[in-house]
$ cat protein_38.txt   # compact mmCIF, C-alpha atoms
# COMPACT_ATOMS: atom_id res chain seq x y z
CA MET S 16 92.57 -5.95 58.08
CA LYS S 17 89.32 -6.51 56.18
CA LYS S 18 88.98 -2.75 55.56
CA ILE S 19 92.48 -2.68 54.09
CA THR S 20 91.67 -5.62 51.79
CA ILE S 21 88.52 -3.94 50.53
CA PHE S 22 90.42 -0.69 49.98
CA LEU S 23 93.15 -2.47 47.96
CA ILE S 24 90.60 -4.27 45.80
CA ALA S 25 88.73 -1.03 45.12
CA PHE S 26 92.01 0.75 44.32
CA LEU S 27 92.97 -2.02 41.89
CA PHE S 28 89.67 -1.80 40.04
CA LEU S 29 89.69 2.00 39.92
CA SER S 30 93.23 1.96 38.54
CA LEU S 31 92.01 -0.11 35.58
CA LEU S 32 89.97 2.90 34.48
CA PHE S 33 92.96 5.20 34.14
CA VAL S 34 95.54 3.44 31.97
CA PRO S 35 97.65 6.09 30.16
CA VAL S 36 97.48 6.02 26.36
CA THR S 37 100.46 7.22 24.32
CA ARG S 38 100.30 8.26 20.67
CA SER S 39 102.15 6.11 18.23
CA GLN S 40 104.96 7.80 16.37
CA THR S 41 104.26 5.45 13.47
CA GLN S 42 100.73 6.80 13.26
CA ASP S 43 102.10 10.35 13.15
CA ASP S 44 104.45 9.38 10.32
CA LEU S 45 101.62 7.86 8.32
CA ASN S 46 99.46 10.95 8.85
CA LYS S 47 102.31 13.11 7.56
CA GLU S 48 102.84 10.97 4.44
CA ILE S 49 99.11 10.93 3.70
CA ALA S 50 98.86 14.71 4.05
CA GLU S 51 101.83 15.21 1.68
CA LEU S 52 100.36 12.86 -0.94
CA GLN S 53 96.96 14.53 -0.74
CA GLU S 54 98.63 17.88 -1.38
CA LYS S 55 100.59 16.39 -4.28
CA LEU S 56 97.39 15.01 -5.83
CA LYS S 57 95.79 18.43 -5.51
CA GLU S 58 98.72 20.01 -7.34
CA LEU S 59 98.71 17.35 -10.08
CA SER S 60 94.98 17.82 -10.65
CA GLN S 61 95.68 21.44 -11.54
CA THR S 62 98.50 20.73 -14.01
CA LYS S 63 98.21 20.36 -17.77
CA ASN S 64 96.27 17.27 -18.81
CA THR S 65 99.00 15.16 -20.37
CA LEU S 66 99.70 11.44 -20.33
CA LYS S 67 102.82 11.97 -18.21
CA ASN S 68 100.92 14.01 -15.61
CA GLN S 69 98.08 11.52 -15.57
CA ILE S 70 100.49 8.64 -14.88
CA ALA S 71 102.06 10.69 -12.08
CA TYR S 72 98.58 11.33 -10.68
CA LEU S 73 97.70 7.63 -10.72
CA ASP S 74 101.05 6.69 -9.13
CA SER S 75 100.46 9.20 -6.33
CA GLN S 76 96.92 7.94 -5.86
CA VAL S 77 98.19 4.37 -5.53
CA SER S 78 100.79 5.49 -2.98
CA LEU S 79 98.14 7.39 -1.03
CA THR S 80 95.87 4.35 -0.87
CA GLU S 81 98.78 2.14 0.21
CA TYR S 82 99.54 4.51 3.09
CA GLN S 83 95.85 4.67 4.00
CA ILE S 84 95.83 0.87 4.13
CA LYS S 85 98.84 0.90 6.45
CA GLN S 86 97.09 3.49 8.61
CA THR S 87 93.94 1.40 8.85
CA GLU S 88 95.93 -1.77 9.59
CA LEU S 89 97.73 0.02 12.40
CA GLN S 90 94.43 1.24 13.83
CA ILE S 91 93.10 -2.33 13.66
CA ARG S 92 96.14 -3.73 15.48
CA THR S 93 95.84 -1.05 18.16
CA LEU S 94 92.15 -1.79 18.63
CA GLU S 95 92.79 -5.53 18.83
CA VAL S 96 95.31 -4.96 21.62
CA GLU S 97 92.86 -2.68 23.44
CA ILE S 98 90.08 -5.26 23.11
CA LEU S 99 92.36 -8.01 24.45
CA ASP S 100 93.35 -5.78 27.36
CA LEU S 101 89.70 -5.04 28.12
CA SER S 102 88.89 -8.75 27.98
CA GLU S 103 91.61 -9.45 30.54
CA LYS S 104 90.34 -6.65 32.79
CA ILE S 105 86.81 -8.01 32.57
CA SER S 106 88.07 -11.49 33.47
CA VAL S 107 89.86 -10.08 36.54
CA LEU S 108 86.75 -8.19 37.55
CA ASP S 109 84.61 -11.32 37.12
CA LEU S 110 86.99 -13.37 39.26
CA ASN S 111 87.25 -10.82 42.04
CA LEU S 112 83.54 -10.14 42.00
CA ASP S 113 82.89 -13.85 42.44
CA GLN S 114 85.40 -14.05 45.29
CA ILE S 115 84.13 -11.03 47.19
CA SER S 116 80.51 -12.17 46.62
CA ALA S 117 81.29 -15.60 48.09
CA THR S 118 82.97 -13.99 51.10
CA PHE S 119 80.05 -11.66 51.56
CA LEU S 120 77.51 -14.50 51.44
CA THR S 121 79.43 -16.39 54.13
CA ARG S 122 79.43 -13.32 56.34
CA VAL S 123 75.75 -12.72 55.73
CA ALA S 124 75.03 -16.22 57.04
CA GLN S 125 77.12 -15.54 60.13
CA SER S 126 75.46 -12.18 60.66
CA TYR S 127 72.03 -13.79 60.37
CA LYS S 128 72.78 -16.19 63.20
CA LEU S 129 74.00 -13.34 65.39
CA HIS S 130 71.08 -11.15 64.39
CA LYS S 131 68.61 -13.69 65.83
CA LYS S 132 69.74 -12.61 69.29
CA THR S 133 68.16 -9.47 70.75
CA PRO S 134 70.34 -6.86 72.54
CA VAL S 135 69.07 -8.29 75.86
CA LEU S 136 70.26 -11.75 74.88
CA TRP S 137 73.68 -10.35 74.04
CA PHE S 138 74.16 -9.40 77.68
CA LEU S 139 72.55 -12.56 79.04
CA SER S 140 74.68 -14.84 76.83
CA GLY S 141 77.94 -13.22 77.89
CA LYS S 142 80.06 -14.45 80.75
CA ASP S 143 79.99 -10.98 82.17
CA PHE S 144 79.23 -7.41 81.17
CA ASN S 145 82.53 -6.86 79.33
CA ASP S 146 82.17 -10.10 77.39
CA SER S 147 78.65 -9.17 76.30
CA LEU S 148 79.78 -5.67 75.33
CA GLN S 149 82.61 -7.08 73.21
CA LYS S 150 80.15 -9.38 71.43
CA PHE S 151 77.84 -6.48 70.74
CA LYS S 152 80.73 -4.36 69.38
CA TYR S 153 81.80 -7.30 67.19
CA TYR S 154 78.30 -7.58 65.74
CA HIS S 155 78.21 -3.83 65.09
CA THR S 156 81.60 -4.01 63.35
CA LEU S 157 80.35 -6.86 61.13
CA GLN S 158 77.42 -4.72 60.08
CA LEU S 159 79.71 -1.81 59.15
CA ASN S 160 82.02 -4.13 57.20
CA ASP S 161 79.05 -5.61 55.35
CA ARG S 162 77.96 -2.14 54.28
CA GLU S 163 81.49 -1.36 53.05
CA THR S 164 81.63 -4.68 51.22
CA LEU S 165 78.32 -3.95 49.50
CA LEU S 166 79.64 -0.55 48.39
CA ALA S 167 82.84 -2.18 47.10
CA MET S 168 80.83 -4.82 45.24
CA GLU S 169 78.66 -2.16 43.62
CA GLU S 170 81.76 -0.21 42.58
CA ILE S 171 83.28 -3.34 41.08
CA ARG S 172 80.05 -4.15 39.27
CA MET S 173 79.85 -0.64 37.82
CA ASN S 174 83.45 -0.88 36.69
CA HIS S 175 82.71 -4.26 35.13
CA ASP S 176 79.78 -2.83 33.17
CA LEU S 177 81.87 0.14 32.05
CA GLN S 178 84.70 -2.09 30.79
CA LYS S 179 82.18 -4.32 29.02
CA GLN S 180 80.61 -1.30 27.31
CA LYS S 181 84.04 -0.06 26.23
CA LYS S 182 84.82 -3.47 24.77
CA GLU S 183 81.57 -3.52 22.79
CA GLU S 184 82.28 -0.04 21.43
CA LYS S 185 85.81 -1.07 20.44
CA GLN S 186 84.48 -4.18 18.71
CA GLN S 187 82.01 -2.10 16.71
CA GLU S 188 84.81 0.29 15.77
CA LEU S 189 86.95 -2.69 14.73
CA GLU S 190 84.18 -3.98 12.49
CA VAL S 191 83.93 -0.61 10.73
CA LEU S 192 87.70 -0.48 10.26
CA ASN S 193 87.76 -3.98 8.77
CA GLN S 194 85.09 -2.90 6.28
CA THR S 195 87.13 0.23 5.49
CA LEU S 196 90.25 -1.86 4.95
CA ALA S 197 88.43 -4.21 2.58
CA GLN S 198 87.17 -1.25 0.52
CA GLN S 199 90.63 0.36 0.50
CA LYS S 200 92.14 -2.84 -0.90
CA ILE S 201 89.47 -2.91 -3.61
CA ASN S 202 90.24 0.74 -4.42
CA LEU S 203 93.96 -0.04 -4.64
CA ALA S 204 93.35 -2.90 -7.07
CA ASN S 205 91.08 -0.67 -9.17
CA GLN S 206 93.65 2.14 -9.24
CA LYS S 207 96.41 -0.19 -10.39
CA ALA S 208 94.10 -1.63 -13.03
CA SER S 209 93.25 1.91 -14.15
CA LYS S 210 96.91 2.73 -14.72
CA ASN S 211 97.48 -0.50 -16.64
CA GLN S 212 94.39 0.20 -18.76
CA LEU S 213 95.65 3.71 -19.45
CA LEU S 214 98.99 2.42 -20.73
CA ILE S 215 97.32 -0.25 -22.85
CA THR S 216 94.71 2.10 -24.31
CA THR S 217 97.16 4.88 -25.18
CA GLN S 218 100.10 2.59 -25.93
CA ASN S 219 102.02 5.13 -23.86
CA ASP S 220 101.63 7.64 -26.70
CA GLU S 221 100.76 11.29 -25.99
CA LYS S 222 98.95 11.86 -29.32
CA THR S 223 96.74 8.83 -28.74
CA TYR S 224 96.03 10.04 -25.22
CA GLN S 225 94.99 13.50 -26.40
CA SER S 226 92.78 12.04 -29.15
CA LEU S 227 90.96 9.74 -26.71
CA LEU S 228 90.67 12.56 -24.20
CA ALA S 229 89.05 14.84 -26.78
CA GLN S 230 86.50 12.15 -27.69
CA ALA S 231 85.64 11.53 -24.03
CA GLN S 232 85.30 15.22 -23.28
CA ALA S 233 83.01 15.72 -26.29
CA GLU S 234 80.72 12.90 -25.14
CA LEU S 235 80.64 14.21 -21.57
CA ALA S 236 79.88 17.71 -22.81
CA SER S 237 76.83 16.38 -24.67
CA LEU S 238 75.58 14.62 -21.52
CA LYS S 239 76.02 17.81 -19.49
CA ARG S 240 74.12 19.82 -22.08
CA PHE S 241 71.22 17.40 -21.79
CA ALA S 242 71.16 17.71 -17.97
CA SER S 243 71.30 21.50 -18.05
CA SER S 244 68.62 21.72 -20.76
CA GLN S 245 66.02 19.87 -18.65
CA GLY S 246 65.67 22.66 -16.12
CA GLY S 247 65.20 22.32 -12.37
CA ASP S 248 67.67 20.85 -9.92
CA ILE S 249 69.98 18.07 -11.01
CA CYS S 250 69.73 16.39 -7.60
CA LEU S 251 66.32 15.36 -6.32
CA GLY S 252 65.35 16.05 -2.73
CA SER S 253 64.98 12.45 -1.57
CA PRO S 254 66.14 8.92 -2.45
CA GLN S 255 64.30 7.35 -5.39
CA SER S 256 62.24 4.18 -5.11
CA GLN S 257 62.48 1.04 -7.28
CA PRO S 258 58.99 0.02 -8.45
CA ASP S 259 60.42 -2.84 -10.50
CA GLY S 260 63.25 -3.65 -8.09
CA TRP S 261 66.02 -2.54 -10.45
CA PHE S 262 65.50 1.12 -11.34
CA TRP S 263 68.27 3.59 -10.41
CA SER S 264 68.16 7.36 -10.75
CA GLN S 265 71.28 9.36 -11.56
CA ARG S 266 69.64 12.22 -9.62
CA ASP S 267 69.22 10.25 -6.39
CA SER S 268 70.25 12.47 -3.47
CA ARG S 269 72.41 9.67 -2.01
CA TRP S 270 75.00 9.90 -4.80
CA CYS S 271 73.99 12.70 -7.17
CA ASN S 272 77.04 14.83 -6.27
CA GLN S 273 79.59 11.99 -6.30
CA ILE S 274 82.45 12.58 -8.75
CA ILE S 275 83.01 9.72 -11.17
CA GLY S 276 86.22 7.70 -11.42
CA ASN S 277 89.50 9.61 -11.48
CA SER S 278 87.92 12.65 -13.10
CA THR S 279 89.71 15.89 -12.27
CA ASP S 280 86.59 17.87 -13.28
CA ASP S 281 84.38 18.48 -10.26
CA THR S 282 81.35 18.80 -12.57
CA ASP S 283 81.70 15.15 -13.65
CA THR S 284 79.16 13.95 -11.11
CA ILE S 285 76.69 11.07 -11.31
CA GLY S 286 73.85 13.58 -11.41
CA ALA S 287 75.30 15.51 -14.34
CA VAL S 288 76.78 12.74 -16.53
CA GLY S 289 75.87 9.47 -14.82
CA CYS S 290 73.02 8.31 -17.06
CA LEU S 291 75.12 5.50 -18.58
CA ILE S 292 76.49 4.50 -15.17
CA SER S 293 72.96 4.35 -13.77
CA SER S 294 71.73 2.40 -16.79
CA VAL S 295 74.51 -0.17 -16.44
CA ALA S 296 73.73 -0.53 -12.73
CA MET S 297 70.10 -1.25 -13.72
CA ILE S 298 71.24 -4.04 -16.06
CA TRP S 299 73.26 -5.63 -13.26
CA GLN S 300 70.39 -5.32 -10.81
CA LYS S 301 67.91 -6.73 -13.34
CA HIS S 302 70.11 -9.80 -13.86
CA GLY S 303 70.34 -10.51 -10.13
CA HIS S 304 73.56 -8.80 -9.11
CA SER S 305 73.65 -6.07 -6.47
CA LYS S 306 75.05 -2.94 -8.08
CA ASP S 307 74.20 0.74 -7.77
CA PRO S 308 75.55 3.86 -9.53
CA PRO S 309 78.15 4.81 -6.88
CA SER S 310 79.65 1.31 -6.85
CA ILE S 311 80.36 1.69 -10.56
CA ALA S 312 81.42 5.34 -10.31
CA GLN S 313 84.11 4.61 -7.73
CA ASN S 314 86.00 2.18 -9.99
CA PRO S 315 88.31 4.30 -12.19
CA SER S 316 89.24 1.34 -14.39
CA PHE S 317 85.77 1.55 -16.00
CA PHE S 318 86.39 5.01 -17.44
CA VAL S 319 88.42 6.53 -20.25
CA LEU S 320 91.64 8.13 -18.99
CA ASN S 321 91.00 10.59 -16.14
CA THR S 322 87.44 11.35 -17.23
CA ALA S 323 83.94 10.20 -16.31
CA TYR S 324 83.29 8.70 -19.75
CA MET S 325 82.64 4.96 -19.93
CA SER S 326 83.42 3.54 -23.36
CA THR S 327 83.11 -0.15 -22.43
CA PRO S 328 80.59 -0.78 -19.65
CA PRO S 329 81.25 -3.77 -17.38
CA ALA S 330 78.95 -6.72 -18.08
CA PRO S 331 77.26 -8.70 -15.29
CA PRO S 332 78.71 -12.18 -14.61
CA GLY S 333 77.55 -14.59 -17.30
CA TYR S 334 76.92 -11.82 -19.85
CA ASN S 335 78.93 -10.17 -22.62
CA TYR S 336 78.77 -6.53 -23.67
CA HIS S 337 78.02 -5.52 -27.29
CA ARG S 338 77.66 -2.09 -28.88
CA TYR S 339 75.69 -1.63 -32.10
CA ASN S 340 74.62 1.30 -34.19
CA TYR S 341 70.85 1.63 -34.48
CA TYR S 342 69.22 1.03 -37.87
CA ASN S 343 65.84 -0.47 -36.97
CA SER S 344 63.99 -1.91 -34.00
CA ASP S 345 64.51 -5.61 -34.81
CA MET S 346 67.46 -6.19 -32.48
CA ILE S 347 65.86 -4.23 -29.63
CA ASP S 348 62.59 -6.16 -30.03
CA SER S 349 64.44 -9.48 -29.99
CA GLU S 350 66.30 -8.63 -26.78
CA LEU S 351 63.19 -7.33 -25.01
CA ALA S 352 61.27 -10.46 -26.00
CA ALA S 353 64.01 -12.46 -24.20
CA ASP S 354 63.55 -10.25 -21.11
CA ARG S 355 66.92 -8.57 -21.61
CA PRO S 356 66.65 -4.76 -21.25
CA VAL S 357 68.59 -2.66 -23.75
CA ILE S 358 70.52 0.55 -23.09
CA VAL S 359 70.10 3.07 -25.90
CA HIS S 360 71.93 6.31 -26.54
CA LEU S 361 69.78 9.24 -27.59
CA ASN S 362 71.03 12.11 -29.74
CA ILE S 363 68.71 15.00 -28.96
CA GLY S 364 69.79 17.89 -31.13
CA GLY S 365 73.42 17.25 -30.28
CA ASP S 366 72.75 16.58 -26.60
CA GLY S 367 73.39 13.02 -25.39
CA HIS S 368 71.51 10.83 -22.95
CA PHE S 369 71.21 7.11 -22.07
CA VAL S 370 68.03 5.28 -21.04
CA VAL S 371 67.06 1.63 -20.54
CA LEU S 372 64.31 0.13 -22.69
CA LYS S 373 62.58 -2.56 -20.63
CA SER S 374 59.57 -3.69 -22.68
CA GLY S 375 57.63 -3.11 -25.87
CA SER S 376 58.21 -3.57 -29.60
CA GLY S 377 58.09 -1.79 -32.94
CA GLY S 378 59.06 1.57 -31.48
CA ASN S 379 56.47 1.52 -28.68
CA TYR S 380 58.75 1.13 -25.68
CA ILE S 381 58.55 1.52 -21.93
CA MET S 382 61.77 2.85 -20.44
CA ASN S 383 63.56 3.32 -17.16
CA ASP S 384 64.99 6.80 -17.56
CA PRO S 385 67.84 7.70 -15.13
CA TRP S 386 66.70 11.32 -15.40
CA TYR S 387 62.87 11.25 -15.39
CA GLY S 388 62.12 7.98 -13.63
CA PRO S 389 60.87 4.39 -14.10
CA ASP S 390 58.16 2.88 -16.30
CA ILE S 391 57.71 5.79 -18.70
CA PRO S 392 56.79 5.53 -22.42
CA LEU S 393 59.83 6.50 -24.47
CA THR S 394 57.78 8.92 -26.56
CA ASP S 395 56.69 10.90 -23.48
CA HIS S 396 60.06 12.68 -23.60
CA TYR S 397 61.94 11.45 -26.69
CA SER S 398 61.42 9.99 -30.14
CA VAL S 399 62.45 6.62 -31.54
CA GLY S 400 64.33 8.56 -34.20
CA SER S 401 66.68 9.98 -31.54
CA ILE S 402 68.12 6.51 -30.87
CA ASN S 403 71.52 6.26 -32.58
CA SER S 404 73.22 3.33 -30.79
CA MET S 405 72.49 0.36 -28.51
CA ARG S 406 74.33 -1.28 -25.62
CA ILE S 407 73.28 -4.93 -25.34
CA PHE S 408 74.24 -7.56 -22.75
CA LYS S 409 73.88 -11.17 -23.90
CA PRO S 410 74.62 -14.46 -22.12
$ encode --input "protein_38.txt" --output "structure tokens"
Amino acid sequence: MKKITIFLIAFLFLSLLFVPVTRSQTQDDLNKEIAELQEKLKELSQTKNTLKNQIAYLDSQVSLTEYQIKQTELQIRTLEVEILDLSEKISVLDLNLDQISATFLTRVAQSYKLHKKTPVLWFLSGKDFNDSLQKFKYYHTLQLNDRETLLAMEEIRMNHDLQKQKKEEKQQELEVLNQTLAQQKINLANQKASKNQLLITTQNDEKTYQSLLAQAQAELASLKRFASSQGGDICLGSPQSQPDGWFWSQRDSRWCNQIIGNSTDDTDTIGAVGCLISSVAMIWQKHGHSKDPPSIAQNPSFFVLNTAYMSTPPAPPGYNYHRYNYYNSDMIDSELAADRPVIVHLNIGGDGHFVVLKSGSGGNYIMNDPWYGPDIPLTDHYSVGSINSMRIFKP
């Protein structure tokens, strides 16, 4: 009877390991919708660059993100059910392990009392030979049952550890999915804002759209010419350090090849045209707000139309953005004296580039250059005369 009980317990615990998992038809439907929207976006990116097509692109992008959110939410619900199921299994294993351990301890105590008698005493303590033999057989059976119980306990304990490990892995997976969901919701809000900004900026007028697009493309072309004229690789081989705690390189290997915003041009990467993005990220970091180039690049609402050009950089909380043409160094000197770095645009023979001036006066400036690096005299690579505009952030 005891052997049967042990067998049933072991069978129950082993069966917990092999619960069949069926694929959700809803998950298949979502995968299909996502694949279709991704294909549609690919087709739209290859069509003529018009306001109508850009709106269609943004609408499809919003729909894609909404389906991705549904997909992630479904994965989260599935994981939560699996974690709850594993918790229940672990509770059952804990309970049964406690019960079988208590039973085993009782039997160990009984076996100890019997074990104190030698084989000779078994025969002497019996009423007769048969009685002594039966006692000896009983003791031998107890020993065999104890061994089987120990094996069953070890199997249960191993199963318990396995279920606990699975639960921990599922919980880690759930944490990653929750982070993914949060980012997807941010992306969705940014995409909707980008469409609204597009309609406001162009006033839903094709001529206005094409005029703004031409301006953005001209500015981006000048930034690309600068990058290509410097020679060497655009992307550096390793992540760049921050000697002052707020320098960012556009060439940092962690994000150099990331495409900016909703740009349909795969050459619009942070490495190639991200000097302004990197400079703005430095301003945020300098003023105590965690921001890096990719966190700005992934928000399409910061950029003009479906390009990588930023006409109005986002200001850190508590600051306002101002753009001025450059006539003399007075305004720059005033800002630097107040410990407020200034972003300047450089016109280098028609090529464009942005750097951050961090200290100095009267034309003798130290800069953080997204291309060359931190803490470099401006005149090591450029001239004060190449400055043609300033981006200033004031409280």
$ residues_around --input "protein_38.txt" --residues "Asp267 in chain S" --least-positions-apart "2" --cutoff "7 Å" --atoms "all atoms listed in the file" --output "PyMOL selection string"
chain S and resi 250-251+253-255+264-265+269-271
$ residues_around --input "protein_38.txt" --residues "range 320-330 of chain S" --least-positions-apart "2" --cutoff "9 Å" --atoms "only C-alpha atoms" --output "VMD selection string"
chain S and resid 64 66 69 209 to 210 212 to 213 216 to 217 224 227 to 228 231 to 232 234 to 235 274 to 280 283 to 285 288 to 289 291 to 292 295 298 to 299 311 to 312 315 to 318 332 to 338 406 408 to 409
$ atom_distance --input "protein_38.txt" --atom1 "CA of Gln180 in chain S" --atom2 "CA of Gln42 in chain S"
25.8 Å
$ closest_atom_pairs --input "protein_38.txt" --of "range 189-274 of chain S" --to "range 368-387 of chain S" --cutoff "7 Å" --atoms "all atoms listed in the file" --output "JSON lines"
{"residue": "S:Leu238", "atom": "CA", "partner": "S:His368", "partner_atom": "CA", "distance": 5.7}
{"residue": "S:Phe241", "atom": "CA", "partner": "S:His368", "partner_atom": "CA", "distance": 6.7}
{"residue": "S:Phe262", "atom": "CA", "partner": "S:Asn383", "partner_atom": "CA", "distance": 6.5}
{"residue": "S:Trp263", "atom": "CA", "partner": "S:Pro385", "partner_atom": "CA", "distance": 6.3}
{"residue": "S:Ser264", "atom": "CA", "partner": "S:Pro385", "partner_atom": "CA", "distance": 4.4}
{"residue": "S:Gln265", "atom": "CA", "partner": "S:Pro385", "partner_atom": "CA", "distance": 5.2}
{"residue": "S:Arg266", "atom": "CA", "partner": "S:Trp386", "partner_atom": "CA", "distance": 6.5}
$ closest_residue --input "protein_38.txt" --among "S:Glu188, S:Pro410, S:Thr394, S:Thr87" --to "Ala353 in chain S" --atoms "all atoms listed in the file"
S:Pro410
$ residues_around --input "protein_38.txt" --residues "Glu184 in chain S" --least-positions-apart "5" --cutoff "12 Å" --atoms "all atoms listed in the file" --output "PyMOL selection string"
chain S and resi 94+97-98+101+177-179+189-191
$ atom_distance --input "protein_38.txt" --atom1 "CA of Ala296 in chain S" --atom2 "CA of Ile84 in chain S"
27.8 Å
$ atom_distance --input "protein_38.txt" --atom1 "CA of Met405 in chain S" --atom2 "CA of Tyr339 in chain S"
5.2 Å
$ residues_around --input "protein_38.txt" --residues "Lys301 in chain S" --least-positions-apart "4" --cutoff "10 Å" --atoms "only C-alpha atoms" --output "list in words"
Asp259, Gly260, Trp261, Phe262, Val295, Ala296, Met297, Ser305, Lys306, Pro331, Asp354, Arg355, Pro356 and Lys373 of chain S
$ write_last_selection --input "protein_38.txt" --atoms "C-alpha atoms" --output "compact mmCIF listing (two decimals), in the frame of the given file"
# COMPACT_ATOMS: atom_id res chain seq x y z
CA ASP S 259 60.42 -2.84 -10.50
CA GLY S 260 63.25 -3.65 -8.09
CA TRP S 261 66.02 -2.54 -10.45
CA PHE S 262 65.50 1.12 -11.34
CA VAL S 295 74.51 -0.17 -16.44
CA ALA S 296 73.73 -0.53 -12.73
CA MET S 297 70.10 -1.25 -13.72
CA SER S 305 73.65 -6.07 -6.47
CA LYS S 306 75.05 -2.94 -8.08
CA PRO S 331 77.26 -8.70 -15.29
CA ASP S 354 63.55 -10.25 -21.11
CA ARG S 355 66.92 -8.57 -21.61
CA PRO S 356 66.65 -4.76 -21.25
CA LYS S 373 62.58 -2.56 -20.63
$ closest_residue --input "protein_38.txt" --among "S:Leu99, S:Ala236, S:Leu108, S:Ile358" --to "Glu170 in chain S" --atoms "all atoms listed in the file"
S:Leu108
$ build_atoms --input "protein_38.txt" --residues "range 374-391 of chain S" --atoms "N, CA and C atoms" --output "PDB file, in the coordinates of the input"
ATOM      1  N   SER S 374      60.627  -2.885 -22.070  1.00  0.00           N
ATOM      2  CA  SER S 374      59.570  -3.690 -22.680  1.00  0.00           C
ATOM      3  C   SER S 374      59.017  -2.968 -23.899  1.00  0.00           C
ATOM      4  N   GLY S 375      58.242  -3.707 -24.695  1.00  0.00           N
ATOM      5  CA  GLY S 375      57.630  -3.110 -25.870  1.00  0.00           C
ATOM      6  C   GLY S 375      58.201  -3.664 -27.168  1.00  0.00           C
ATOM      7  N   SER S 376      57.727  -3.146 -28.283  1.00  0.00           N
ATOM      8  CA  SER S 376      58.210  -3.570 -29.600  1.00  0.00           C
ATOM      9  C   SER S 376      57.795  -2.539 -30.647  1.00  0.00           C
ATOM     10  N   GLY S 377      58.466  -2.620 -31.803  1.00  0.00           N
ATOM     11  CA  GLY S 377      58.090  -1.790 -32.940  1.00  0.00           C
ATOM     12  C   GLY S 377      58.125  -0.300 -32.680  1.00  0.00           C
ATOM     13  N   GLY S 378      58.955   0.137 -31.766  1.00  0.00           N
ATOM     14  CA  GLY S 378      59.060   1.570 -31.480  1.00  0.00           C
ATOM     15  C   GLY S 378      58.203   2.031 -30.324  1.00  0.00           C
ATOM     16  N   ASN S 379      57.297   1.171 -29.848  1.00  0.00           N
ATOM     17  CA  ASN S 379      56.470   1.520 -28.680  1.00  0.00           C
ATOM     18  C   ASN S 379      57.114   0.897 -27.435  1.00  0.00           C
ATOM     19  N   TYR S 380      57.940   1.674 -26.768  1.00  0.00           N
ATOM     20  CA  TYR S 380      58.750   1.130 -25.680  1.00  0.00           C
ATOM     21  C   TYR S 380      58.447   1.812 -24.346  1.00  0.00           C
ATOM     22  N   ILE S 381      58.577   0.999 -23.291  1.00  0.00           N
ATOM     23  CA  ILE S 381      58.550   1.520 -21.930  1.00  0.00           C
ATOM     24  C   ILE S 381      59.992   1.569 -21.446  1.00  0.00           C
ATOM     25  N   MET S 382      60.372   2.679 -20.840  1.00  0.00           N
ATOM     26  CA  MET S 382      61.770   2.850 -20.440  1.00  0.00           C
ATOM     27  C   MET S 382      61.911   3.127 -18.941  1.00  0.00           C
ATOM     28  N   ASN S 383      63.078   2.813 -18.446  1.00  0.00           N
ATOM     29  CA  ASN S 383      63.560   3.320 -17.160  1.00  0.00           C
ATOM     30  C   ASN S 383      64.553   4.431 -17.483  1.00  0.00           C
ATOM     31  N   ASP S 384      64.167   5.643 -17.204  1.00  0.00           N
ATOM     32  CA  ASP S 384      64.990   6.800 -17.560  1.00  0.00           C
ATOM     33  C   ASP S 384      65.735   7.278 -16.309  1.00  0.00           C
ATOM     34  N   PRO S 385      67.083   7.240 -16.302  1.00  0.00           N
ATOM     35  CA  PRO S 385      67.840   7.700 -15.130  1.00  0.00           C
ATOM     36  C   PRO S 385      67.535   9.139 -14.743  1.00  0.00           C
ATOM     37  N   TRP S 386      67.003   9.913 -15.693  1.00  0.00           N
ATOM     38  CA  TRP S 386      66.700  11.320 -15.400  1.00  0.00           C
ATOM     39  C   TRP S 386      65.253  11.503 -14.941  1.00  0.00           C
ATOM     40  N   TYR S 387      64.286  10.990 -15.693  1.00  0.00           N
ATOM     41  CA  TYR S 387      62.870  11.250 -15.390  1.00  0.00           C
ATOM     42  C   TYR S 387      62.228  10.215 -14.478  1.00  0.00           C
ATOM     43  N   GLY S 388      62.701   8.971 -14.513  1.00  0.00           N
ATOM     44  CA  GLY S 388      62.120   7.980 -13.630  1.00  0.00           C
ATOM     45  C   GLY S 388      61.789   6.672 -14.313  1.00  0.00           C
ATOM     46  N   PRO S 389      61.154   5.734 -13.572  1.00  0.00           N
ATOM     47  CA  PRO S 389      60.870   4.390 -14.100  1.00  0.00           C
ATOM     48  C   PRO S 389      59.526   4.293 -14.823  1.00  0.00           C
ATOM     49  N   ASP S 390      59.434   3.280 -15.680  1.00  0.00           N
ATOM     50  CA  ASP S 390      58.160   2.880 -16.300  1.00  0.00           C
ATOM     51  C   ASP S 390      57.471   4.021 -17.050  1.00  0.00           C
ATOM     52  N   ILE S 391      58.232   4.657 -17.931  1.00  0.00           N
ATOM     53  CA  ILE S 391      57.710   5.790 -18.700  1.00  0.00           C
ATOM     54  C   ILE S 391      57.749   5.442 -20.191  1.00  0.00           C
TER      55      ILE S 391
END
